[in-house]
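K.L.:
Structure file input24.pdb (PDB, C-alpha atoms) is given on the next line.
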ATOM      1  CA  MET A   1     -20.306  -3.451  17.474  1.00  0.00           C
ATOM      2  CA  THR A   2     -18.182  -0.635  18.886  1.00  0.00           C
ATOM      3  CA  ALA A   3     -14.963  -2.603  18.349  1.00  0.00           C
ATOM      4  CA  THR A   4     -15.835  -3.505  14.761  1.00  0.00           C
ATOM      5  CA  LEU A   5     -16.859   0.089  14.017  1.00  0.00           C
ATOM      6  CA  ILE A   6     -13.502   1.306  15.301  1.00  0.00           C
ATOM      7  CA  ALA A   7     -11.792  -1.357  13.186  1.00  0.00           C
ATOM      8  CA  ALA A   8     -13.657  -0.223  10.068  1.00  0.00           C
ATOM      9  CA  LEU A   9     -12.758   3.411  10.755  1.00  0.00           C
ATOM     10  CA  VAL A  10      -9.104   2.486  11.292  1.00  0.00           C
ATOM     11  CA  ILE A  11      -8.951   0.627   7.955  1.00  0.00           C
ATOM     12  CA  ALA A  12     -10.747   3.449   6.120  1.00  0.00           C
ATOM     13  CA  LEU A  13      -8.376   6.019   7.623  1.00  0.00           C
ATOM     14  CA  ALA A  14      -5.388   3.832   6.708  1.00  0.00           C
ATOM     15  CA  CYS A  15      -6.585   3.821   3.079  1.00  0.00           C
ATOM     16  CA  VAL A  16      -6.707   7.612   3.019  1.00  0.00           C
ATOM     17  CA  VAL A  17      -3.292   7.981   4.688  1.00  0.00           C
ATOM     18  CA  ALA A  18      -1.689   5.346   2.435  1.00  0.00           C
ATOM     19  CA  ALA A  19      -2.844   7.288  -0.632  1.00  0.00           C
ATOM     20  CA  GLU A  20      -1.773  10.679   0.753  1.00  0.00           C
ATOM     21  CA  PRO A  21      -0.497  12.827  -2.152  1.00  0.00           C
ATOM     22  CA  ARG A  22       2.896  13.590  -0.592  1.00  0.00           C
ATOM     23  CA  LEU A  23       3.727   9.887  -0.796  1.00  0.00           C
ATOM     24  CA  LEU A  24       3.105   9.724  -4.541  1.00  0.00           C
ATOM     25  CA  GLY A  25       6.164   9.081  -6.627  1.00  0.00           C
ATOM     26  CA  ARG A  26       7.925   7.851  -3.545  1.00  0.00           C
ATOM     27  CA  ARG A  27       6.902   4.240  -3.520  1.00  0.00           C
ATOM     28  CA  TRP A  28       7.164   2.501  -0.191  1.00  0.00           C
ATOM     29  CA  PRO A  29      10.264   0.305   0.149  1.00  0.00           C
ATOM     30  CA  PRO A  30       9.815  -3.068  -1.590  1.00  0.00           C
ATOM     31  CA  TYR A  31      10.756  -4.959   1.571  1.00  0.00           C
ATOM     32  CA  LEU A  32       7.914  -3.226   3.442  1.00  0.00           C
ATOM     33  CA  LEU A  33       5.413  -4.111   0.713  1.00  0.00           C
ATOM     34  CA  SER A  34       6.688  -7.698   0.653  1.00  0.00           C
ATOM     35  CA  ALA A  35       6.356  -8.023   4.442  1.00  0.00           C
ATOM     36  CA  GLY A  36       2.787  -6.752   4.215  1.00  0.00           C
ATOM     37  CA  ALA A  37       2.069  -9.256   1.461  1.00  0.00           C
ATOM     38  CA  GLY A  38       3.435 -12.056   3.644  1.00  0.00           C
ATOM     39  CA  ILE A  39       1.164 -11.027   6.495  1.00  0.00           C
ATOM     40  CA  GLY A  40      -1.888 -11.135   4.221  1.00  0.00           C
ATOM     41  CA  ILE A  41      -1.021 -14.541   2.782  1.00  0.00           C
ATOM     42  CA  ALA A  42      -0.373 -16.029   6.230  1.00  0.00           C
ATOM     43  CA  TYR A  43      -3.708 -14.731   7.532  1.00  0.00           C
ATOM     44  CA  VAL A  44      -5.603 -16.275   4.633  1.00  0.00           C
ATOM     45  CA  VAL A  45      -3.876 -19.653   4.976  1.00  0.00           C
ATOM     46  CA  VAL A  46      -3.832 -19.952   8.771  1.00  0.00           C
ATOM     47  CA  HIS A  47      -7.105 -18.226   9.641  1.00  0.00           C
ATOM     48  CA  LEU A  48      -9.437 -17.792   6.680  1.00  0.00           C
ATOM     49  CA  LEU A  49      -9.042 -21.276   5.220  1.00  0.00           C
ATOM     50  CA  PRO A  50     -10.224 -22.881   8.510  1.00  0.00           C
ATOM     51  CA  GLU A  51     -13.138 -20.421   8.477  1.00  0.00           C
ATOM     52  CA  ILE A  52     -13.947 -21.573   4.942  1.00  0.00           C
ATOM     53  CA  ALA A  53     -13.949 -25.179   6.178  1.00  0.00           C
ATOM     54  CA  ILE A  54     -16.523 -24.172   8.789  1.00  0.00           C
ATOM     55  CA  GLY A  55     -18.452 -22.358   6.084  1.00  0.00           C
ATOM     56  CA  ALA A  56     -18.424 -25.477   3.923  1.00  0.00           C
ATOM     57  CA  GLU A  57     -20.130 -27.366   6.732  1.00  0.00           C
ATOM     58  CA  ILE A  58     -22.690 -24.561   7.033  1.00  0.00           C
ATOM     59  CA  VAL A  59     -23.419 -24.860   3.315  1.00  0.00           C
ATOM     60  CA  ARG A  60     -23.841 -28.629   3.636  1.00  0.00           C
ATOM     61  CA  ARG A  61     -26.283 -28.291   6.525  1.00  0.00           C
ATOM     62  CA  SER A  62     -28.270 -25.497   4.909  1.00  0.00           C
ATOM     63  CA  THR A  63     -28.933 -27.537   1.774  1.00  0.00           C
ATOM     64  CA  GLU A  64     -29.908 -30.683   3.728  1.00  0.00           C
ATOM     65  CA  GLY A  65     -28.682 -33.011   1.007  1.00  0.00           C
ATOM     66  CA  ARG A  66     -30.474 -31.189  -1.834  1.00  0.00           C
ATOM     67  CA  LEU A  67     -27.195 -30.034  -3.381  1.00  0.00           C
ATOM     68  CA  PRO A  68     -24.646 -32.715  -4.353  1.00  0.00           C
ATOM     69  CA  TYR A  69     -21.201 -32.101  -2.838  1.00  0.00           C
ATOM     70  CA  ALA A  70     -22.584 -28.997  -1.168  1.00  0.00           C
ATOM     71  CA  GLU A  71     -19.597 -28.594   1.139  1.00  0.00           C
ATOM     72  CA  LEU A  72     -17.326 -28.116  -1.888  1.00  0.00           C
ATOM     73  CA  HIS A  73     -19.232 -25.061  -3.099  1.00  0.00           C
ATOM     74  CA  ALA A  74     -17.523 -22.846  -0.505  1.00  0.00           C
ATOM     75  CA  TYR A  75     -14.189 -23.749  -2.073  1.00  0.00           C
ATOM     76  CA  LEU A  76     -15.684 -23.147  -5.503  1.00  0.00           C
ATOM     77  CA  LEU A  77     -16.214 -19.555  -4.416  1.00  0.00           C
ATOM     78  CA  VAL A  78     -12.504 -19.336  -3.530  1.00  0.00           C
ATOM     79  CA  LEU A  79     -11.799 -20.416  -7.106  1.00  0.00           C
ATOM     80  CA  ILE A  80     -14.233 -17.788  -8.398  1.00  0.00           C
ATOM     81  CA  GLY A  81     -12.407 -15.177  -6.318  1.00  0.00           C
ATOM     82  CA  ILE A  82      -9.101 -16.268  -7.843  1.00  0.00           C
ATOM     83  CA  ILE A  83     -10.311 -16.371 -11.451  1.00  0.00           C
ATOM     84  CA  GLY A  84     -12.303 -13.158 -11.055  1.00  0.00           C
ATOM     85  CA  THR A  85      -9.238 -11.305  -9.774  1.00  0.00           C
ATOM     86  CA  LEU A  86      -7.096 -12.629 -12.622  1.00  0.00           C
ATOM     87  CA  PHE A  87      -9.803 -11.705 -15.146  1.00  0.00           C
ATOM     88  CA  LEU A  88      -9.998  -8.119 -13.887  1.00  0.00           C
ATOM     89  CA  ARG A  89      -6.213  -7.781 -13.976  1.00  0.00           C
ATOM     90  CA  GLY A  90      -6.149  -9.149 -17.519  1.00  0.00           C
ATOM     91  CA  LEU A  91      -8.861  -6.701 -18.508  1.00  0.00           C
ATOM     92  CA  GLN A  92      -6.916  -3.888 -16.878  1.00  0.00           C
ATOM     93  CA  THR A  93      -3.665  -4.591 -18.720  1.00  0.00           C
ATOM     94  CA  GLY A  94      -4.976  -6.002 -21.981  1.00  0.00           C
ATOM     95  CA  ARG A  95      -3.417  -9.414 -21.409  1.00  0.00           C
ATOM     96  CA  HIS A  96      -4.805 -12.736 -22.596  1.00  0.00           C
ATOM     97  CA  GLY A  97      -6.240 -11.168 -25.737  1.00  0.00           C
ATOM     98  CA  MET A  98      -8.457  -8.721 -23.838  1.00  0.00           C
ATOM     99  CA  THR A  99      -8.931  -5.091 -24.803  1.00  0.00           C
ATOM    100  CA  PRO A 100      -7.242  -3.043 -22.065  1.00  0.00           C
ATOM    101  CA  HIS A 101      -9.405  -0.968 -19.771  1.00  0.00           C
ATOM    102  CA  PRO A 102      -7.067   0.614 -17.188  1.00  0.00           C
ATOM    103  CA  ARG A 103      -9.982   2.104 -15.236  1.00  0.00           C
ATOM    104  CA  VAL A 104     -11.019  -1.343 -13.985  1.00  0.00           C
ATOM    105  CA  ARG A 105      -7.820  -1.331 -11.895  1.00  0.00           C
ATOM    106  CA  ILE A 106      -9.832  -0.171  -8.914  1.00  0.00           C
ATOM    107  CA  VAL A 107     -12.747  -2.622  -9.251  1.00  0.00           C
ATOM    108  CA  GLN A 108     -11.289  -5.669  -7.467  1.00  0.00           C
ATOM    109  CA  PRO A 109      -9.768  -3.723  -4.536  1.00  0.00           C
ATOM    110  CA  ALA A 110     -13.044  -1.836  -4.117  1.00  0.00           C
ATOM    111  CA  LEU A 111     -15.088  -5.056  -4.067  1.00  0.00           C
ATOM    112  CA  SER A 112     -12.693  -6.553  -1.507  1.00  0.00           C
ATOM    113  CA  ALA A 113     -12.956  -3.427   0.640  1.00  0.00           C
ATOM    114  CA  LEU A 114     -16.751  -3.589   0.436  1.00  0.00           C
ATOM    115  CA  ILE A 115     -16.692  -7.217   1.623  1.00  0.00           C
ATOM    116  CA  VAL A 116     -14.244  -6.347   4.415  1.00  0.00           C
ATOM    117  CA  GLY A 117     -16.509  -3.583   5.689  1.00  0.00           C
ATOM    118  CA  TYR A 118     -19.537  -5.853   5.561  1.00  0.00           C
ATOM    119  CA  LEU A 119     -17.810  -8.748   7.335  1.00  0.00           C
ATOM    120  CA  LEU A 120     -16.679  -6.409  10.092  1.00  0.00           C
ATOM    121  CA  SER A 121     -20.231  -5.161  10.558  1.00  0.00           C
ATOM    122  CA  VAL A 122     -21.788  -8.618  10.889  1.00  0.00           C
ATOM    123  CA  ARG A 123     -19.038 -10.207  13.016  1.00  0.00           C
ATOM    124  CA  ASP A 124     -20.410 -11.752  16.205  1.00  0.00           C
ATOM    125  CA  ASP A 125     -17.071 -12.080  18.012  1.00  0.00           C
ATOM    126  CA  THR A 126     -17.256 -11.343  21.699  1.00  0.00           C
ATOM    127  CA  GLU A 127     -13.461 -11.208  22.020  1.00  0.00           C
ATOM    128  CA  LEU A 128     -11.245  -8.443  20.712  1.00  0.00           C
ATOM    129  CA  GLY A 129      -8.474 -10.798  19.553  1.00  0.00           C
ATOM    130  CA  PRO A 130     -10.091 -12.037  16.320  1.00  0.00           C
ATOM    131  CA  ILE A 131     -11.196  -8.511  15.405  1.00  0.00           C
ATOM    132  CA  PHE A 132      -7.683  -7.186  15.997  1.00  0.00           C
ATOM    133  CA  LEU A 133      -6.103  -9.927  13.878  1.00  0.00           C
ATOM    134  CA  PHE A 134      -8.589  -9.373  11.048  1.00  0.00           C
ATOM    135  CA  THR A 135      -7.975  -5.618  11.161  1.00  0.00           C
ATOM    136  CA  LEU A 136      -4.200  -6.019  11.225  1.00  0.00           C
ATOM    137  CA  ALA A 137      -3.896  -8.454   8.330  1.00  0.00           C
ATOM    138  CA  ILE A 138      -6.802  -7.673   6.026  1.00  0.00           C
ATOM    139  CA  GLY A 139      -6.749  -3.978   6.877  1.00  0.00           C
ATOM    140  CA  LEU A 140      -3.072  -3.859   5.955  1.00  0.00           C
ATOM    141  CA  HIS A 141      -3.864  -5.610   2.675  1.00  0.00           C
ATOM    142  CA  VAL A 142      -6.532  -3.018   1.821  1.00  0.00           C
ATOM    143  CA  ALA A 143      -4.219  -0.147   2.790  1.00  0.00           C
ATOM    144  CA  LEU A 144      -1.429  -1.538   0.603  1.00  0.00           C
ATOM    145  CA  ASN A 145      -3.936  -1.703  -2.255  1.00  0.00           C
ATOM    146  CA  ALA A 146      -4.743   1.973  -1.633  1.00  0.00           C
ATOM    147  CA  HIS A 147      -1.070   2.899  -1.752  1.00  0.00           C
ATOM    148  CA  GLY A 148      -0.493   0.877  -4.915  1.00  0.00           C
ATOM    149  CA  LEU A 149      -3.465   2.527  -6.618  1.00  0.00           C
ATOM    150  CA  ALA A 150      -2.255   5.985  -5.581  1.00  0.00           C
ATOM    151  CA  VAL A 151       1.195   5.371  -7.047  1.00  0.00           C
ATOM    152  CA  LYS A 152      -0.081   3.843 -10.295  1.00  0.00           C
ATOM    153  CA  LEU A 153      -2.936   6.299 -10.846  1.00  0.00           C
ATOM    154  CA  GLY A 154      -0.962   9.333  -9.673  1.00  0.00           C
ATOM    155  CA  SER A 155      -3.930  10.347  -7.521  1.00  0.00           C
ATOM    156  CA  PRO A 156      -5.271   9.707  -4.015  1.00  0.00           C
ATOM    157  CA  GLN A 157      -8.646   8.877  -5.553  1.00  0.00           C
ATOM    158  CA  GLY A 158      -8.121   5.128  -5.123  1.00  0.00           C
ATOM    159  CA  GLY A 159      -7.610   5.456  -1.373  1.00  0.00           C
ATOM    160  CA  LEU A 160     -10.774   7.535  -1.046  1.00  0.00           C
ATOM    161  CA  VAL A 161     -12.755   4.965  -3.046  1.00  0.00           C
ATOM    162  CA  LEU A 162     -11.525   2.105  -0.856  1.00  0.00           C
ATOM    163  CA  ALA A 163     -12.292   4.064   2.315  1.00  0.00           C
ATOM    164  CA  ALA A 164     -15.801   4.731   0.987  1.00  0.00           C
ATOM    165  CA  ALA A 165     -16.196   1.038   0.126  1.00  0.00           C
ATOM    166  CA  ILE A 166     -15.262   0.051   3.695  1.00  0.00           C
ATOM    167  CA  ALA A 167     -17.821   2.503   5.058  1.00  0.00           C
ATOM    168  CA  GLY A 168     -20.445   1.359   2.550  1.00  0.00           C
ATOM    169  CA  GLY A 169     -19.917  -2.293   3.401  1.00  0.00           C
ATOM    170  CA  TYR A 170     -20.195  -1.589   7.109  1.00  0.00           C
ATOM    171  CA  ALA A 171     -23.394   0.411   6.616  1.00  0.00           C
ATOM    172  CA  LEU A 172     -24.838  -2.398   4.498  1.00  0.00           C
ATOM    173  CA  GLY A 173     -24.098  -4.875   7.276  1.00  0.00           C
ATOM    174  CA  MET A 174     -25.889  -2.708   9.813  1.00  0.00           C
ATOM    175  CA  GLY A 175     -29.005  -2.711   7.654  1.00  0.00           C
ATOM    176  CA  TRP A 176     -28.931  -6.309   6.388  1.00  0.00           C
ATOM    177  CA  SER A 177     -27.559  -9.368   8.130  1.00  0.00           C
ATOM    178  CA  ALA A 178     -27.049 -12.099   5.543  1.00  0.00           C
ATOM    179  CA  PRO A 179     -27.630 -15.798   6.316  1.00  0.00           C
ATOM    180  CA  PRO A 180     -24.567 -17.723   7.533  1.00  0.00           C
ATOM    181  CA  VAL A 181     -24.232 -19.472   4.164  1.00  0.00           C
ATOM    182  CA  VAL A 182     -23.838 -16.071   2.434  1.00  0.00           C
ATOM    183  CA  ILE A 183     -21.282 -14.945   5.022  1.00  0.00           C
ATOM    184  CA  ALA A 184     -19.326 -18.138   4.357  1.00  0.00           C
ATOM    185  CA  GLY A 185     -19.397 -17.376   0.645  1.00  0.00           C
ATOM    186  CA  LEU A 186     -18.132 -13.832   1.165  1.00  0.00           C
ATOM    187  CA  VAL A 187     -15.234 -15.102   3.292  1.00  0.00           C
ATOM    188  CA  ALA A 188     -14.338 -17.543   0.521  1.00  0.00           C
ATOM    189  CA  LEU A 189     -14.468 -14.841  -2.163  1.00  0.00           C
ATOM    190  CA  LEU A 190     -12.329 -12.541  -0.013  1.00  0.00           C
ATOM    191  CA  ALA A 191      -9.745 -15.258   0.602  1.00  0.00           C
ATOM    192  CA  GLY A 192      -9.401 -16.041  -3.106  1.00  0.00           C
ATOM    193  CA  GLY A 193      -9.132 -12.381  -4.044  1.00  0.00           C
ATOM    194  CA  VAL A 194      -6.593 -11.497  -1.348  1.00  0.00           C
ATOM    195  CA  MET A 195      -4.264 -14.376  -2.142  1.00  0.00           C
ATOM    196  CA  THR A 196      -4.419 -13.902  -5.914  1.00  0.00           C
ATOM    197  CA  ARG A 197      -3.966 -10.150  -5.909  1.00  0.00           C
ATOM    198  CA  THR A 198      -1.121 -10.359  -3.400  1.00  0.00           C
ATOM    199  CA  ILE A 199       0.772 -13.074  -5.256  1.00  0.00           C
ATOM    200  CA  HIS A 200       0.180 -11.369  -8.604  1.00  0.00           C
ATOM    201  CA  GLU A 201       1.578  -8.083  -7.265  1.00  0.00           C
ATOM    202  CA  ILE A 202       4.634  -9.936  -5.973  1.00  0.00           C
ATOM    203  CA  LEU A 203       5.218 -11.540  -9.364  1.00  0.00           C
ATOM    204  CA  ASP A 204       4.754  -8.238 -11.204  1.00  0.00           C
ATOM    205  CA  GLU A 205       6.954  -6.104  -8.989  1.00  0.00           C
ATOM    206  CA  GLU A 206      10.336  -6.419  -7.354  1.00  0.00           C
ATOM    207  CA  SER A 207       9.856  -8.387  -4.165  1.00  0.00           C
ATOM    208  CA  HIS A 208      12.000  -9.282  -1.209  1.00  0.00           C
ATOM    209  CA  LEU A 209      11.586 -12.938  -0.369  1.00  0.00           C
ATOM    210  CA  VAL A 210      13.214 -12.539   3.053  1.00  0.00           C
ATOM    211  CA  ALA A 211      10.808  -9.748   4.027  1.00  0.00           C
ATOM    212  CA  LEU A 212       7.888 -11.763   2.668  1.00  0.00           C
ATOM    213  CA  THR A 213       8.944 -14.789   4.708  1.00  0.00           C
ATOM    214  CA  VAL A 214       9.476 -12.744   7.873  1.00  0.00           C
ATOM    215  CA  GLY A 215       6.070 -11.086   7.527  1.00  0.00           C
ATOM    216  CA  ALA A 216       4.331 -14.415   6.917  1.00  0.00           C
ATOM    217  CA  SER A 217       6.182 -16.133   9.756  1.00  0.00           C
ATOM    218  CA  LEU A 218       5.432 -13.412  12.304  1.00  0.00           C
ATOM    219  CA  GLU A 219       1.757 -13.316  11.322  1.00  0.00           C
ATOM    220  CA  ALA A 220       1.477 -17.118  11.481  1.00  0.00           C
ATOM    221  CA  ALA A 221       3.158 -17.148  14.894  1.00  0.00           C
ATOM    222  CA  LEU A 222       0.793 -14.429  16.117  1.00  0.00           C
ATOM    223  CA  LEU A 223      -2.262 -16.299  14.847  1.00  0.00           C
ATOM    224  CA  LEU A 224      -1.154 -19.583  16.373  1.00  0.00           C
ATOM    225  CA  GLY A 225      -0.322 -17.883  19.662  1.00  0.00           C
ATOM    226  CA  VAL A 226      -3.620 -16.026  19.977  1.00  0.00           C
ATOM    227  CA  THR A 227      -6.075 -18.578  18.619  1.00  0.00           C
TER     228      THR A 227
END
Please express what this file holds, its structure, as structure tokens.
P.N.:
Amino acid sequence: MTATLIAALVIALACVVAAEPRLLGRRWPPYLLSAGAGIGIAYVVVHLLPEIAIGAEIVRRSTEGRLPYAELHAYLLVLIGIIGTLFLRGLQTGRHGMTPHPRVRIVQPALSALIVGYLLSVRDDTELGPIFLFTLAIGLHVALNAHGLAVKLGSPQGGLVLAAAIAGGYALGMGWSAPPVVIAGLVALLAGGVMTRTIHEILDEESHLVALTVGASLEAALLLGVT
């Protein structure tokens, strides 16, 4: 628990630092943001998708044949994470015929941060490697969200909200340990949200494909070398 608590504190602190007021108006270099996006995508594909496959088997066993195609429901939650993220972004910008509500900009990152904090709290890893990899990739994703919110909102409030969400998720995990099938569902939702938000940001903003590729390649190599 000590290692995961430190990891949660590191991510929360990174959110606050990334949204530090003196960085506002001075957006981080696009190649740095693209490299961070590549790291997040590689982690989801190389590490989280196999975890979702394990979660799908957990779902199948927990239902004992009562739910048709039970193992596919974990992947359905990935789809929900994808569509939910796109819906919130459409609501934020007024796209797809929706009435714009810019204040919902922070909802999806905050929900992801809450899930990250909770997953850290309930992790049962005995080795530091998986915790470090999770903190590096997903923590970086959350911190980049904090920086993006700070730049777009012109306030460090987003970083403080995400830091609070990490802390809240961790505290929730200390008080309530969900069944494995729920944990599997949260991993699936997180994976869908991370990939969709990252790719959407890349499509919306100037991106550096080389930096994205380098970040993804290094993260994939690290994951394959450690696991």
K.L.:
Sorted by chain and rising residue number, which residues of range 115-214 of chain A lie within 12 Å of range 52-59 of chain A, and what are their closest atom pairs and distances in Å to one decimal, counting all atoms listed in the file, as a tab-separated table?
P.N.:
residue	atom	partner	partner_atom	distance
A:Pro179	CA	A:Ile58	CA	10.1
A:Pro180	CA	A:Ile58	CA	7.1
A:Val181	CA	A:Val59	CA	5.5
A:Val182	CA	A:Val59	CA	8.8
A:Ile183	CA	A:Gly55	CA	8.0
A:Ala184	CA	A:Gly55	CA	4.6
A:Gly185	CA	A:Gly55	CA	7.4
A:Leu186	CA	A:Ile52	CA	9.6
A:Val187	CA	A:Ile52	CA	6.8
A:Ala188	CA	A:Ile52	CA	6.0
A:Leu189	CA	A:Ile52	CA	9.8
A:Leu190	CA	A:Ile52	CA	10.4
A:Ala191	CA	A:Ile52	CA	8.7
A:Gly192	CA	A:Ile52	CA	10.8
K.L.:
The PyMOL selection byres ((chain A and resi 40) around 9) on the file shown: which residues, as a list in words?
P.N.:
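Applying the PyMOL selection byres ((chain A and resi 40) around 9) to the structure shown produces Ala35, Gly36, Ala37, Gly38, Ile39, Ile41, Ala42, Tyr43, Val44, Val45, Leu136, Ala137, Ile138, Leu140, His141, Val194, Met195, Thr198, Gly215, Ala216 and Glu219 of chain A.
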K.L.:
Given the choices A:Ser34, A:Ser177, A:Ser155, A:Asn145, which gets closest to Arg22 in chain A if the distance is worked out from all atoms listed in the file?
P.N.:
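Among the listed residues, the smallest separation from Arg22 in chain A belongs to A:Ser155.
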K.L.:
The centre and edge lengths of an axis-aligned box containing all atoms of range 38-53 of chain A present in the file, extended by 8 Å on each side, are to be given in Å to one decimal, as JSON.
P.N.:
{"center_x": -5.3, "center_y": -18.1, "center_z": 6.2, "size_x": 33.4, "size_y": 30.2, "size_z": 22.9}
K.L.:
Grab the CA of Leu162 in chain A to CA of Ala146 in chain A distance for me, in Å with one decimal place.
P.N.:
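We find that CA of Leu162 in chain A and CA of Ala146 in chain A lie 6.8 Å from each other.
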K.L.:
Could you check which of A:Pro156, A:Val122, A:Thr2, A:Leu9 is closest to Thr135 in chain A, using all atoms listed in the file?
P.N.:
A:Leu9
K.L.:
Rank nothing, just name the residue among A:Ile80, A:Val104, A:Ala165, A:Leu144 nearest to Val17 in chain A, using all atoms listed in the file.
P.N.:
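Ranking A:Ile80, A:Val104, A:Ala165, A:Leu144 by distance to Val17 in chain A, first place goes to A:Leu144.
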K.L.:
Quick check on the file I pasted: which residues fall under the PyMOL selection byres ((chain A and resi 83) around 12)? Write them as a ChimeraX atom specification.
P.N.:
/A:76-82,84-90,108,189,192-197,200
K.L.:
Please write the residues from the selection above to a file, keeping C-alpha atoms, as a PDB file, in the coordinates of the input.
P.N.:
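Contents of the output file again.pdb:
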ATOM      1  CA  LEU A  76     -15.684 -23.147  -5.503  1.00  0.00           C
ATOM      2  CA  LEU A  77     -16.214 -19.555  -4.416  1.00  0.00           C
ATOM      3  CA  VAL A  78     -12.504 -19.336  -3.530  1.00  0.00           C
ATOM      4  CA  LEU A  79     -11.799 -20.416  -7.106  1.00  0.00           C
ATOM      5  CA  ILE A  80     -14.233 -17.788  -8.398  1.00  0.00           C
ATOM      6  CA  GLY A  81     -12.407 -15.177  -6.318  1.00  0.00           C
ATOM      7  CA  ILE A  82      -9.101 -16.268  -7.843  1.00  0.00           C
ATOM      8  CA  GLY A  84     -12.303 -13.158 -11.055  1.00  0.00           C
ATOM      9  CA  THR A  85      -9.238 -11.305  -9.774  1.00  0.00           C
ATOM     10  CA  LEU A  86      -7.096 -12.629 -12.622  1.00  0.00           C
ATOM     11  CA  PHE A  87      -9.803 -11.705 -15.146  1.00  0.00           C
ATOM     12  CA  LEU A  88      -9.998  -8.119 -13.887  1.00  0.00           C
ATOM     13  CA  ARG A  89      -6.213  -7.781 -13.976  1.00  0.00           C
ATOM     14  CA  GLY A  90      -6.149  -9.149 -17.519  1.00  0.00           C
ATOM     15  CA  GLN A 108     -11.289  -5.669  -7.467  1.00  0.00           C
ATOM     16  CA  LEU A 189     -14.468 -14.841  -2.163  1.00  0.00           C
ATOM     17  CA  GLY A 192      -9.401 -16.041  -3.106  1.00  0.00           C
ATOM     18  CA  GLY A 193      -9.132 -12.381  -4.044  1.00  0.00           C
ATOM     19  CA  VAL A 194      -6.593 -11.497  -1.348  1.00  0.00           C
ATOM     20  CA  MET A 195      -4.264 -14.376  -2.142  1.00  0.00           C
ATOM     21  CA  THR A 196      -4.419 -13.902  -5.914  1.00  0.00           C
ATOM     22  CA  ARG A 197      -3.966 -10.150  -5.909  1.00  0.00           C
ATOM     23  CA  HIS A 200       0.180 -11.369  -8.604  1.00  0.00           C
TER      24      HIS A 200
END
K.L.:
Rounded to one decimal, what separation in Å do you get between CA of Ala3 in chain A and CA of Pro130 in chain A?
P.N.:
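Between CA of Ala3 in chain A and CA of Pro130 in chain A the gap works out to 10.8 Å.
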K.L.:
Using all atoms listed in the file, can you tell me which of A:Leu172, A:Leu149, A:Ala163, A:Ala8 comes closest to Arg105 in chain A?
P.N.:
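Checking each candidate against Arg105 in chain A, we get A:Leu149 as the closest.
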K.L.:
Closest to Leu160 in chain A among A:Ala143, A:Met174, A:Leu91, A:Leu133, using only C-alpha atoms?
P.N.:
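Of all the options, A:Ala143 lies closest to Leu160 in chain A.
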K.L.:
For a test of reading the model, state the distance in Å between CA of Leu33 in chain A and CA of Cys15 in chain A, rounded to one decimal.
P.N.:
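CA of Leu33 in chain A sits 14.6 Å away from CA of Cys15 in chain A.
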K.L.:
I need the residue set behind the PyMOL selection byres ((chain A and resi 114) around 12) for this file; please write it as number ranges by chain.
P.N.:
A: 8, 11-12, 107-113, 115-121, 139, 142, 161-173, 186-187, 189-190
K.L.:
My list of candidates is A:Ala14, A:Val46, A:Gly148, A:Ile131. Which is closest to Leu218 in chain A when distances are computed with all atoms listed in the file?
P.N.:
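Going through A:Ala14, A:Val46, A:Gly148, A:Ile131 one by one, the smallest distance to Leu218 in chain A is for A:Val46.
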